[in-house]
Every structure is written in structure tokens, then in C-alpha cells.
Amino acid sequence: MACRGAGHPLHDPNYLGFENSTAGAPPVGWSSGAGALVDGQVAHSGRNSLRIDRVAGSAGTFTTINLTLPMDFAARNVVWTGWVRTENVDGFAAIWLREDGDTTGPALAFATTQTLNVSGTQNWTQYSISVPELTDGKTVTFGFLLTGTGRAWVDDLQLLADTVPVAQAANRVTTPLDTDREFDSGSKISIPALSDLQVQNLATLARVWGFLKYHHPAVTAGKRHWDYDLFRVMPQVLAAGSTDSSLAAISNWMGGLEAPQPCTNCATLDPNSLQLEPELDWIKDEAPVGRSLSQALQSIYRNRTTASAQFYVSLVPGVGNPLFDHELPYGNLRLPDAGYQMLALFRFWNMVAYFSPNRTIMADDPSGSRDYWARVLVESIPRIALATNSVSYQQELIRFIAKINDTHANLWTSIAARPPIGACYLPVDVRFVEGSPVVLRYTSVTGGPASGLLPGDVIQQLDGVAVSDLVAQWTPLYADSNQAARLRDMGNYLTRGACGAASAVVERDGRTMALSPVRMPASSLHFSATYTHVRPGETFQMLAPDVAYLKLSSVKSADAAKYVQAAAGSKGLIIDIRITRRSLWCLRWARCWSPSR
């Protein structure tokens with residue numbers, strides 16, 4: 001069932017074993033750096049392998065071989081595997097794999113064995129890495145590299161589509177995401193301002209668009225580029241002079257999907273298998289969507305079918321949480337683009353509305369949980385739609401996500417846009433103690449003392465602004481489940497800002513002092529101690545007659561009874577937070593035990 005063209009290099013079974021290359025020459029068909037040659041004397045199997053030699057003075061920090069192929073095969077995961085041998089390597093040898101979309105955008109996915117630190121002298125060992133095949137993946141690039149000095153070999157490489165060689169894999173199925181290109185260069189939607197009517201109409205569109213995404217058979221079967229369909233109807237909704245004309249535009253747009261046929265194998269929900277049922281009262285209430293649209297939406301819901309799998313969402317095998325498939329990242333997007341900015345909001349809002357088990361307890365005030373997420377949508381539309389640049393757009397998305405009040409939810413790829421903004425930090429670690437930021441320790445052996453700051457200083461102002469005011473300004477942009485976690489995160493970033501001279505006012509021993517510390521690049525600071533609280537000395541220590549300390553990084557289960565007995569008279573126990581696999585065990589005042597695994 002080979003589907004790649006006859007000229008595809010991986011149709012040759014000798015290609016990834018270098019058997020089609022000449023010993024002492026660069027590998028045929030590969031891009032390769034100086035020092036990468038075919039070895040006819042050492043091989044894992046067959047006659048040849050690929051060897052990279054690096055000596056002191058070799059060009060660059062690494063030498064690599066690599067090959068790029070079109071991603072025209074079907075797979076859930078692309079797997080890159082090979083056998084590696086090393087000799088006197090003082091850096092590391094690694095296989096690596098990268099998936100790319102448009103040539104000008106960033107890599108979509110990347111994997112490497114670098115973290116395994118394959119170095120020194122090691123005999124042949126097989127390694128394997130993988131990346132998911134993403135909808136917008138266009139090419140896959142794979143290779144082998146060596147850093148530092150030494151010698152490394154690689155042989156018997158394989159590029160697999162799941163478990164099948166890519167040359168034999170089925171063709172990738174073409175979907176509207178591949179063929180509908182109307183809005184590749186932008187949504188063509190500009191929103192200079194928004195009236196209250198437009199905001200309400202956009203909120204209705206967001207809810208209808210999300211409902212159809214997860215319920216209409218034409219969309220759930222992957223027959224529509226649903227992101228681009230949003231851009232087709234949004235201008236009409238924005239131009240509507242009334243609620244009725246906006247609903248009419250949405251109804252006409254829906255008409256292009258065709259009404260679903262009465263189902264014979266209807267989908268049903270088992271309430272016993274759900275932690276929280278979807279909130280769909282709004283489609284039954286004519287007030288927000290009108291009678292005609294309400295009836296159409298209810299008909300779609302009644303006639304849900306199990307005939308095809310969901311295109312935009314699936315369940316993680318063995319876990320059951322939702323996996324949002326086919327959500328294109330649009331890495332080449334040029335901001336501002338109000339349509340794409342609205343798309344991000346509409347996507348995430350509906351993901352939470354349909355799949356978050358915590359949506360009824362997200363409100364800051366539990367008494368205001370009713371319709372909380374719907375209110376968040378309305379509040380967020382003008383902020384996100386009217387963001388005028390990349391930083392403000394990212395900040396508004398962070399503000400929106402923070403409304404979930406969950407420490408795990410954030411715009412993790414854009415944390416640098418969360419205030420304070422800058423590439424440098426004061427050379428100290430800061431913790432909030434009883435609501436005040438306190439200098440805990442230095443993060444630079446030289447820069448810390450030179451800053452004039454001392455452990456124990458309470459920072460009152462930074463660059464002329466009271467810390468209490470900064471906390472108030474930043475709180476909506478810190479996505480945490482409670483104020484303690486929020487202050488912890490603010491403490492980690494509090495001193496970030498522009499590199500160079502700064503100003504600080506601190507309280508020290510009851511006196512107020514003005515200082516002029518210097519912010520230093522993050523690369524010159526040592527944050528390793530920031531997330532641990534390990535005291536030097538013995539595993540178990542009595543810090544005071546009634547306070548015990550236990551160091552989990554060196555604790556042994558065999559000593560558990562001894563620790564319990566020693567701490568029996570304590571009123572409190574301090575346990576450091578650095579946990580290793582060896583020390584994952586539980587301590588209670590009554591007894592201690594080791595885990596079963």
C-alpha cells in the first residue's frame with residue numbers, strides 16, 4: 001500500500017542505513033556538515049553507518065545531518081528512531097525531529113534526545129522520539145547531531161507513521177482545512193470601535209458558532225473550515241443595526257449548512273457518566289436567539305448522530321479528557337487582526353463552556369456563579385477585539401483566561417507579555433510574607449551584594465511605584481486559583497523589567513531606605529534555589545524546640561519511625577518541597593510508609 005511517489009527516497013530500504021552511500025563520503029541525499037561521513041568499518045548492521053567527528057576547533061557548536069520530506073502521509077504520530085554509538089563525547093549525541101507548517105512560521109513541534117545526555121563512550125543503543133502529526137504540518141525534518149568533541153555513529157534509522165514506514169503509509173486525507181484558503185492572509189475584518197449592540201450580537205454569534213462546531217453533522221464530520229466560516233458571517237453581524245437583523249444574518253448563514261436529517265442512530269448523553277452536563281438552556285429560550293433560530297438549534301441537538309467521529313475534539317485514550325483536534329495555530333498571523341482575535345476568544349470560551357467540569361465554580365464569588373462564564377464572554381469581547389498590537393492582545397487573552405481562576409490555565413507561550421515586562425531582573429529572590437514582598441536570597445553571588453539589597457528587606461516601591469499599587473494593577477493578569485498562589489507568582493516576577501539601573505525603596509530594621517540596584521539578564525542569574533527550600537545539613541533537624549524539619553530529597557523510609565519519634569513533641573513540621581522519585585513517600589504523625597511503587 002505504498003503511497004509515496006516512486007522517487008521518494010525512503011522507498012529505498014538502504015537509505016536510512018546508509019547502505020547506498022560510499023564509505024568516506026558524505027551520505028547520499030542528506031544535508032550534512034563538515035565531519036559527517038559514511039563509515040564502512042563500524043556499523044550496527046550491514047556494511048555502513050554514519051559517523052560524525054568533532055575535534056577542538058570544529059566549526060559551530062554542533063554538526064548535524066538532516067533530511068526534509070513533505071508530510072503527505074497519514075499518522076497520529078511521526079516517530080523517528082535509530083541506533084547510536086559514542087566514543088569520548090564531551091557534549092552529547094542526539095537524534096531530532098521537527099514538524100513545520102508554512103516556511104516562514106515557527107516550528108509546530110520538535111523532539112530530541114538531547115535531555116538524555118548521550119555522551120562519553122557508549123555501545124550501540126536504540127533511541128526513539130515522536131511528534132504528533134498536526135493538521136497544518138507541511139514538512140517533517142529529521143536528523144542526527146553531535147555537540148562538543150568526540151565521535152558518534154548512527155545507523156538503522158527509521159521514520160514511521162505510527163508503526164508503519166512513511167513510504168508505506170496511507171495518503172493523508174485532504175480536508176477543507178487544506179483546500180479552503182480564503183483567509184490565509186488575514187480575516188479581512190477591522191473593528192475600530194464596538195457598540196453595546198455589537199458586543200451582544202457578537203456574544204450570540206460566539207455561542208451559536210460553538211454550538212454548531214460540536215453538534216452540527218456537517219461540522220463535526222470535518223466538512224467545513226469552521227474558523228473561516230466565522231469570518232464569512234462576522235461582518236454581517238457587525239453591520240446589523242438591530243438584534244433581529246443580526247439573528248437573521250446568523251440564520252441565513254446557518255442555512256448554508258443544510259438542516260440535519262432525522263437521526264436513526266441518535267447520540268445520547270448518559271448523565272451518570274458526566275460530571276457536568278452541557279448548559280444548553282439558552283437554545284431553548286427564545287429571548288437570546290429568537291424563535292426561528294431556537295427551533296433550528298433544538299432540531300440540530302435532537303438529531304445528533306453517532307455516524308461519524310468529532311472532527312474538532314476527541315478523548316485522550318485511557319484518560320478521557322478532551323483533546324482539541326484540528327485547531328490551527330496560524331503562526332504567520334499579522335496583528336492586529338480583529339477577526340482572528342475574536343476567533344481565539346470564541347474558541348477558548350466554547351472549549352470551557354462545553355468541556356470544563358469546573359465551569360460552575362469558577363466565579364470569584366460563588367454566589368455570582370450563575371451565568372458567570374456568559375458574562376465573561378461579554379466583558380472580554382471589546383477588550384480582545386480592540387487590542388491594537390501583539391502585546392496588548394496577549395495581555396487581554398491572559399486577562400480572559402485568568403477569569404477561570406485556575407493556576408493551571410494560562411497563556412503559557414506568552415508569559416513574557418504578562419507584567420512586569422522586561423528581559424532582566426534584580427539579582428534577588430522575592431517572597432510575599434503576610435502580604436509584603438521580602439528579599440529572601442541572592443540569585444547572583446556578585447550582583448546580589450552589589451545591589452544594596454539585603455535578605456529581609458521589605459520592598460515598598462519599585463521604580464517609583466508602590467508595590468501595593470503594582471499588585472492591584474497586575475492581579476487581573478495573574479491566572480491563579482487563590483491570592484496566595486497569585487502573590488507567589490508575582491514574587492517570582494516582581495523585579496523583572498528593563499535591563500540596567502532601577503530604583504527601589506525598602507524597609508530595613510524599621511528604617512526606610514532608597515536604593516539604586518541594577519537589573520541583570522536572566523541568563524546571568526541562578527534561579528535554581530527559587531523553587532526549593534532545602535536546608536544544608538542532616539535530613540531531619542529540629543529548628544526550634546517545637547518545630548521539626550524534614551528534607552525529602554534525602555529521606556529514607558527505613559528511618560521513618562525514627563523521624564516520627566523525634567518529632568513527636570513538635571507543634572509543626574516543615575518539609576522541603578524538592579521531591580525525588582526515591583523520596584515519594586508519606587509522613588503522618590501516626591505512622592510512615594513507603595509507596596508500593
# chains A, B, ... in the order shown; residues from 1 in each chain; ligands from 1
>>> closest_atom_pairs(of="stretch 124-208 of chain A", to="stretch 82-95 of chain A", cutoff="7 Å", atoms="only C-alpha atoms", output="CSV")
residue,atom,partner,partner_atom,distance
A:Trp124,CA,A:Arg85,CA,4.6
A:Thr125,CA,A:Trp83,CA,5.3
A:Gln126,CA,A:Trp83,CA,4.2
A:Tyr127,CA,A:Gly82,CA,5.6
A:Ser128,CA,A:Gly82,CA,6.7
A:Gly143,CA,A:Ile95,CA,5.8
A:Phe144,CA,A:Ile95,CA,4.3
A:Leu145,CA,A:Ala94,CA,5.5
A:Leu146,CA,A:Ala93,CA,4.4
A:Thr147,CA,A:Gly91,CA,4.9
A:Gly148,CA,A:Gly91,CA,4.3
A:Thr149,CA,A:Val89,CA,5.6
A:Gly150,CA,A:Val89,CA,4.1
A:Arg151,CA,A:Glu87,CA,5.2
A:Ala152,CA,A:Thr86,CA,4.3
A:Trp153,CA,A:Arg85,CA,5.1
A:Val154,CA,A:Val84,CA,4.5
A:Asp155,CA,A:Trp83,CA,5.3
A:Asp156,CA,A:Gly82,CA,5.6
A:Leu157,CA,A:Gly82,CA,4.1
A:Gln158,CA,A:Gly82,CA,6.3
>>> residues_around(residues="A:Pro329", least_positions_apart="6", cutoff="10 Å", atoms="only C-alpha atoms", output="PyMOL selection string")
chain A and resi 101+108+134-136+344
>>> closest_atom_pairs(of="stretch 362-442 of chain A", to="stretch 449-460 of chain A", cutoff="6 Å", atoms="only C-alpha atoms", output="tab-separated table")
residue	atom	partner	partner_atom	distance
A:Pro437	CA	A:Ile459	CA	5.6
A:Val438	CA	A:Val458	CA	4.5
A:Val439	CA	A:Pro455	CA	4.8
A:Leu440	CA	A:Pro455	CA	5.0
A:Arg441	CA	A:Pro455	CA	5.5
>>> write_last_selection(atoms="C-alpha atoms", output="PDB file, in the first residue's frame")
ATOM      1  CA  PRO A 437       7.412  41.371  49.302  1.00  0.00           C
ATOM      2  CA  VAL A 438      10.514  40.303  51.200  1.00  0.00           C
ATOM      3  CA  VAL A 439      14.011  39.707  49.811  1.00  0.00           C
ATOM      4  CA  LEU A 440      14.713  36.052  50.526  1.00  0.00           C
ATOM      5  CA  ARG A 441      18.126  35.396  48.982  1.00  0.00           C
TER       6      ARG A 441
END
>>> atom_distance(atom1="atom CA of A:Ala75", atom2="atom CA of A:Val173")
10.2 Å
>>> select_by_dssp(residues="stretch 304-439 of chain A", states="strand (DSSP E)", output="list in words")
Ser314, Leu315, Pro322, Leu323, Cys424, Tyr425, Val428, Asp429, Val430, Arg431, Phe432, Val433, Ser436, Pro437, Val438 and Val439 of chain A
>>> atom_distance(atom1="atom CA of A:Thr112", atom2="atom CA of A:Thr64")
12.8 Å
>>> closest_residue(among="A:Pro382, A:Leu280, A:Tyr228, A:Ala307", to="A:Cys266", atoms="only C-alpha atoms")
A:Ala307
>>> residues_around(residues="A:Glu258", least_positions_apart="3", cutoff="12 Å", atoms="only C-alpha atoms", output="PyMOL selection string")
chain A and resi 212+216-219+251-255+261+296+299-300
>>> select_by_dssp(residues="stretch 3-207 of chain A", states="alpha helix (DSSP H)", output="list in words")
Pro176, Leu177, Asp178, Thr179, Asp196, Leu197, Gln198, Val199, Gln200, Asn201, Leu202, Ala203, Thr204, Leu205, Ala206 and Arg207 of chain A
>>> write_last_selection(atoms="C-alpha atoms", output="CSV table (one decimal), in the first residue's frame")
chain,number,residue,atom,x,y,z
A,176,PRO,CA,-11.3,21.8,4.0
A,177,LEU,CA,-8.5,22.9,6.2
A,178,ASP,CA,-6.2,22.1,3.4
A,179,THR,CA,-8.3,23.4,0.5
A,196,ASP,CA,-23.1,47.6,23.2
A,197,LEU,CA,-25.4,46.2,20.5
A,198,GLN,CA,-22.5,44.9,18.5
A,199,VAL,CA,-21.0,43.3,21.6
A,200,GLN,CA,-24.2,41.5,22.4
A,201,ASN,CA,-24.6,40.3,18.8
A,202,LEU,CA,-21.0,39.0,18.8
A,203,ALA,CA,-21.7,37.2,22.0
A,204,THR,CA,-24.7,35.4,20.5
A,205,LEU,CA,-22.6,34.6,17.4
A,206,ALA,CA,-19.9,33.1,19.6
A,207,ARG,CA,-22.4,30.8,21.3
>>> residues_around(residues="stretch 24-41 of chain A", least_positions_apart="5", cutoff="6 Å", atoms="only C-alpha atoms", output="list in words")
Arg47, Asn48, Ser49, Leu50, Arg51, Ile52, Asp53, Thr63, Thr64, Ile65, Asn66 and Leu67 of chain A
>>> residues_around(residues="A:Val518", least_positions_apart="5", cutoff="7 Å", atoms="only C-alpha atoms", output="list in words")
Leu426, Ser451, Gly500, Ala501 and Ala502 of chain A
>>> closest_residue(among="A:Gly464, A:Pro322, A:Pro517, A:Pro476", to="A:Pro427", atoms="only C-alpha atoms")
A:Pro517
>>> closest_residue(among="A:Ser21, A:His408, A:Ser119, A:Asp229", to="A:Arg181", atoms="only C-alpha atoms")
A:Asp229
>>> residues_around(residues="A:Ser523", least_positions_apart="3", cutoff="9 Å", atoms="only C-alpha atoms", output="PDB file with N, CA and C atoms, in the first residue's frame")
ATOM      1  N   CYS A 424      15.295  41.501  32.128  1.00  0.00           N
ATOM      2  CA  CYS A 424      16.241  41.446  33.246  1.00  0.00           C
ATOM      3  C   CYS A 424      15.513  41.481  34.590  1.00  0.00           C
ATOM      4  N   MET A 520      19.737  42.645  36.038  1.00  0.00           N
ATOM      5  CA  MET A 520      20.707  41.853  35.300  1.00  0.00           C
ATOM      6  C   MET A 520      19.997  40.869  34.383  1.00  0.00           C
ATOM      7  N   HIS A 526      20.939  32.850  38.917  1.00  0.00           N
ATOM      8  CA  HIS A 526      20.759  31.442  39.274  1.00  0.00           C
ATOM      9  C   HIS A 526      19.442  31.303  40.048  1.00  0.00           C
TER      10      HIS A 526
END
>>> decode(residues="stretch 278-426 of chain A", atoms="C-alpha atoms", output="PDB file, in the first residue's frame")
ATOM      1  CA  PRO A 278     -23.671  20.976  28.975  1.00  0.00           C
ATOM      2  CA  GLU A 279     -25.564  24.189  29.667  1.00  0.00           C
ATOM      3  CA  LEU A 280     -27.993  24.464  26.747  1.00  0.00           C
ATOM      4  CA  ASP A 281     -30.965  26.269  28.221  1.00  0.00           C
ATOM      5  CA  TRP A 282     -30.086  29.260  26.053  1.00  0.00           C
ATOM      6  CA  ILE A 283     -31.051  27.435  22.838  1.00  0.00           C
ATOM      7  CA  LYS A 284     -34.490  26.710  24.333  1.00  0.00           C
ATOM      8  CA  ASP A 285     -35.037  30.296  25.430  1.00  0.00           C
ATOM      9  CA  GLU A 286     -36.282  32.431  22.557  1.00  0.00           C
ATOM     10  CA  ALA A 287     -35.085  35.631  24.237  1.00  0.00           C
ATOM     11  CA  PRO A 288     -31.390  35.456  23.261  1.00  0.00           C
ATOM     12  CA  VAL A 289     -31.724  33.797  19.841  1.00  0.00           C
ATOM     13  CA  GLY A 290     -35.320  34.287  18.646  1.00  0.00           C
ATOM     14  CA  ARG A 291     -37.954  31.667  17.881  1.00  0.00           C
ATOM     15  CA  SER A 292     -36.742  30.591  14.442  1.00  0.00           C
ATOM     16  CA  LEU A 293     -33.107  30.170  15.452  1.00  0.00           C
ATOM     17  CA  SER A 294     -34.096  28.468  18.715  1.00  0.00           C
ATOM     18  CA  GLN A 295     -36.144  25.873  16.862  1.00  0.00           C
ATOM     19  CA  ALA A 296     -33.341  25.238  14.366  1.00  0.00           C
ATOM     20  CA  LEU A 297     -30.751  24.762  17.121  1.00  0.00           C
ATOM     21  CA  GLN A 298     -33.015  22.421  19.079  1.00  0.00           C
ATOM     22  CA  SER A 299     -33.609  20.342  15.932  1.00  0.00           C
ATOM     23  CA  ILE A 300     -29.844  20.022  15.424  1.00  0.00           C
ATOM     24  CA  TYR A 301     -29.435  18.905  19.027  1.00  0.00           C
ATOM     25  CA  ARG A 302     -32.238  16.322  18.839  1.00  0.00           C
ATOM     26  CA  ASN A 303     -30.819  14.803  15.671  1.00  0.00           C
ATOM     27  CA  ARG A 304     -27.221  14.378  16.770  1.00  0.00           C
ATOM     28  CA  THR A 305     -25.780  11.273  15.177  1.00  0.00           C
ATOM     29  CA  THR A 306     -23.054   8.799  16.060  1.00  0.00           C
ATOM     30  CA  ALA A 307     -22.342   8.109  12.394  1.00  0.00           C
ATOM     31  CA  SER A 308     -19.003   9.921  12.422  1.00  0.00           C
ATOM     32  CA  ALA A 309     -16.360  10.917  14.936  1.00  0.00           C
ATOM     33  CA  GLN A 310     -15.987  14.511  16.079  1.00  0.00           C
ATOM     34  CA  PHE A 311     -13.540  16.385  13.844  1.00  0.00           C
ATOM     35  CA  TYR A 312     -12.637  19.148  16.294  1.00  0.00           C
ATOM     36  CA  VAL A 313     -12.484  17.195  19.541  1.00  0.00           C
ATOM     37  CA  SER A 314     -11.656  13.676  20.716  1.00  0.00           C
ATOM     38  CA  LEU A 315     -10.902  11.936  24.005  1.00  0.00           C
ATOM     39  CA  VAL A 316      -7.401  11.084  25.138  1.00  0.00           C
ATOM     40  CA  PRO A 317      -7.165   7.260  25.168  1.00  0.00           C
ATOM     41  CA  GLY A 318      -7.152   5.806  28.659  1.00  0.00           C
ATOM     42  CA  VAL A 319      -7.705   9.220  30.249  1.00  0.00           C
ATOM     43  CA  GLY A 320     -10.923  10.577  28.811  1.00  0.00           C
ATOM     44  CA  ASN A 321     -10.184  14.295  28.932  1.00  0.00           C
ATOM     45  CA  PRO A 322     -10.860  16.274  25.736  1.00  0.00           C
ATOM     46  CA  LEU A 323      -8.187  16.659  23.075  1.00  0.00           C
ATOM     47  CA  PHE A 324      -8.920  19.557  20.749  1.00  0.00           C
ATOM     48  CA  ASP A 325      -8.021  18.298  17.299  1.00  0.00           C
ATOM     49  CA  HIS A 326      -7.532  20.368  14.153  1.00  0.00           C
ATOM     50  CA  GLU A 327      -7.185  23.727  15.894  1.00  0.00           C
ATOM     51  CA  LEU A 328      -4.872  25.581  13.527  1.00  0.00           C
ATOM     52  CA  PRO A 329      -2.344  27.885  15.274  1.00  0.00           C
ATOM     53  CA  TYR A 330      -1.952  30.437  12.449  1.00  0.00           C
ATOM     54  CA  GLY A 331       1.696  31.071  13.240  1.00  0.00           C
ATOM     55  CA  ASN A 332       2.066  33.636  10.443  1.00  0.00           C
ATOM     56  CA  LEU A 333      -0.755  35.855  11.686  1.00  0.00           C
ATOM     57  CA  ARG A 334      -0.036  39.574  11.492  1.00  0.00           C
ATOM     58  CA  LEU A 335      -1.635  41.627  14.251  1.00  0.00           C
ATOM     59  CA  PRO A 336      -3.830  43.480  14.777  1.00  0.00           C
ATOM     60  CA  ASP A 337      -6.495  41.328  13.129  1.00  0.00           C
ATOM     61  CA  ALA A 338      -9.844  41.679  14.891  1.00  0.00           C
ATOM     62  CA  GLY A 339     -11.322  38.598  13.230  1.00  0.00           C
ATOM     63  CA  TYR A 340      -8.554  36.260  14.358  1.00  0.00           C
ATOM     64  CA  GLN A 341      -8.529  37.911  17.774  1.00  0.00           C
ATOM     65  CA  MET A 342     -12.248  37.132  18.102  1.00  0.00           C
ATOM     66  CA  LEU A 343     -11.589  33.589  16.860  1.00  0.00           C
ATOM     67  CA  ALA A 344      -9.185  32.954  19.745  1.00  0.00           C
ATOM     68  CA  LEU A 345     -11.772  34.166  22.247  1.00  0.00           C
ATOM     69  CA  PHE A 346     -14.645  32.211  20.674  1.00  0.00           C
ATOM     70  CA  ARG A 347     -12.590  29.005  20.534  1.00  0.00           C
ATOM     71  CA  PHE A 348     -11.445  29.068  24.139  1.00  0.00           C
ATOM     72  CA  TRP A 349     -14.765  30.271  25.539  1.00  0.00           C
ATOM     73  CA  ASN A 350     -16.613  27.363  23.933  1.00  0.00           C
ATOM     74  CA  MET A 351     -13.997  24.816  24.957  1.00  0.00           C
ATOM     75  CA  VAL A 352     -14.613  25.810  28.562  1.00  0.00           C
ATOM     76  CA  ALA A 353     -18.382  26.095  28.124  1.00  0.00           C
ATOM     77  CA  TYR A 354     -18.696  22.538  26.814  1.00  0.00           C
ATOM     78  CA  PHE A 355     -15.817  20.641  28.354  1.00  0.00           C
ATOM     79  CA  SER A 356     -14.687  22.206  31.633  1.00  0.00           C
ATOM     80  CA  PRO A 357     -16.018  20.300  34.661  1.00  0.00           C
ATOM     81  CA  ASN A 358     -15.350  23.342  36.835  1.00  0.00           C
ATOM     82  CA  ARG A 359     -17.259  25.996  34.936  1.00  0.00           C
ATOM     83  CA  THR A 360     -19.937  26.399  37.635  1.00  0.00           C
ATOM     84  CA  ILE A 361     -17.384  27.100  40.372  1.00  0.00           C
ATOM     85  CA  MET A 362     -15.016  29.423  38.517  1.00  0.00           C
ATOM     86  CA  ALA A 363     -16.502  32.698  39.726  1.00  0.00           C
ATOM     87  CA  ASP A 364     -14.542  34.850  42.164  1.00  0.00           C
ATOM     88  CA  ASP A 365     -17.689  34.948  44.305  1.00  0.00           C
ATOM     89  CA  PRO A 366     -19.542  31.596  44.391  1.00  0.00           C
ATOM     90  CA  SER A 367     -22.814  33.446  44.858  1.00  0.00           C
ATOM     91  CA  GLY A 368     -22.280  35.005  41.432  1.00  0.00           C
ATOM     92  CA  SER A 369     -21.591  31.753  39.596  1.00  0.00           C
ATOM     93  CA  ARG A 370     -24.885  31.809  37.687  1.00  0.00           C
ATOM     94  CA  ASP A 371     -24.208  32.953  34.114  1.00  0.00           C
ATOM     95  CA  TYR A 372     -20.639  33.823  35.159  1.00  0.00           C
ATOM     96  CA  TRP A 373     -18.982  32.448  32.032  1.00  0.00           C
ATOM     97  CA  ALA A 374     -21.537  34.156  29.789  1.00  0.00           C
ATOM     98  CA  ARG A 375     -20.747  37.472  31.480  1.00  0.00           C
ATOM     99  CA  VAL A 376     -17.032  36.874  30.997  1.00  0.00           C
ATOM    100  CA  LEU A 377     -17.647  36.483  27.257  1.00  0.00           C
ATOM    101  CA  VAL A 378     -19.441  39.815  27.005  1.00  0.00           C
ATOM    102  CA  GLU A 379     -16.781  41.594  29.090  1.00  0.00           C
ATOM    103  CA  SER A 380     -13.924  40.130  27.060  1.00  0.00           C
ATOM    104  CA  ILE A 381     -15.210  40.802  23.532  1.00  0.00           C
ATOM    105  CA  PRO A 382     -14.348  44.527  23.348  1.00  0.00           C
ATOM    106  CA  ARG A 383     -11.043  44.114  25.178  1.00  0.00           C
ATOM    107  CA  ILE A 384      -9.765  41.401  22.824  1.00  0.00           C
ATOM    108  CA  ALA A 385     -11.349  42.689  19.612  1.00  0.00           C
ATOM    109  CA  LEU A 386      -9.941  46.198  20.062  1.00  0.00           C
ATOM    110  CA  ALA A 387      -6.390  45.200  21.098  1.00  0.00           C
ATOM    111  CA  THR A 388      -4.116  47.108  18.737  1.00  0.00           C
ATOM    112  CA  ASN A 389      -0.844  45.190  18.931  1.00  0.00           C
ATOM    113  CA  SER A 390       0.641  41.837  19.815  1.00  0.00           C
ATOM    114  CA  VAL A 391       1.449  42.662  23.442  1.00  0.00           C
ATOM    115  CA  SER A 392      -1.964  44.136  24.286  1.00  0.00           C
ATOM    116  CA  TYR A 393      -3.679  41.215  22.517  1.00  0.00           C
ATOM    117  CA  GLN A 394      -1.691  38.672  24.515  1.00  0.00           C
ATOM    118  CA  GLN A 395      -2.355  40.557  27.747  1.00  0.00           C
ATOM    119  CA  GLU A 396      -6.093  40.618  27.089  1.00  0.00           C
ATOM    120  CA  LEU A 397      -6.085  36.886  26.401  1.00  0.00           C
ATOM    121  CA  ILE A 398      -4.229  36.356  29.682  1.00  0.00           C
ATOM    122  CA  ARG A 399      -6.804  38.536  31.464  1.00  0.00           C
ATOM    123  CA  PHE A 400      -9.599  36.457  29.907  1.00  0.00           C
ATOM    124  CA  ILE A 401      -8.020  33.111  30.804  1.00  0.00           C
ATOM    125  CA  ALA A 402      -7.398  34.331  34.358  1.00  0.00           C
ATOM    126  CA  LYS A 403     -11.168  34.517  34.783  1.00  0.00           C
ATOM    127  CA  ILE A 404     -11.102  30.724  35.087  1.00  0.00           C
ATOM    128  CA  ASN A 405      -9.323  31.170  38.428  1.00  0.00           C
ATOM    129  CA  ASP A 406      -7.155  28.102  37.923  1.00  0.00           C
ATOM    130  CA  THR A 407      -3.378  28.127  38.377  1.00  0.00           C
ATOM    131  CA  HIS A 408      -3.027  25.534  35.596  1.00  0.00           C
ATOM    132  CA  ALA A 409      -4.761  27.682  32.956  1.00  0.00           C
ATOM    133  CA  ASN A 410      -2.647  30.342  31.320  1.00  0.00           C
ATOM    134  CA  LEU A 411      -1.300  31.611  28.024  1.00  0.00           C
ATOM    135  CA  TRP A 412       1.917  29.767  28.719  1.00  0.00           C
ATOM    136  CA  THR A 413       3.661  30.652  25.465  1.00  0.00           C
ATOM    137  CA  SER A 414       3.188  34.371  26.178  1.00  0.00           C
ATOM    138  CA  ILE A 415       4.125  34.722  29.845  1.00  0.00           C
ATOM    139  CA  ALA A 416       6.698  37.312  28.764  1.00  0.00           C
ATOM    140  CA  ALA A 417       3.780  39.626  27.894  1.00  0.00           C
ATOM    141  CA  ARG A 418       2.459  39.498  31.462  1.00  0.00           C
ATOM    142  CA  PRO A 419       3.633  42.496  33.516  1.00  0.00           C
ATOM    143  CA  PRO A 420       6.161  43.437  34.535  1.00  0.00           C
ATOM    144  CA  ILE A 421       7.738  43.256  31.083  1.00  0.00           C
ATOM    145  CA  GLY A 422      11.472  43.064  30.513  1.00  0.00           C
ATOM    146  CA  ALA A 423      14.434  40.772  29.972  1.00  0.00           C
ATOM    147  CA  CYS A 424      16.241  41.446  33.246  1.00  0.00           C
ATOM    148  CA  TYR A 425      15.707  41.011  36.999  1.00  0.00           C
ATOM    149  CA  LEU A 426      17.108  42.417  40.195  1.00  0.00           C
TER     150      LEU A 426
END
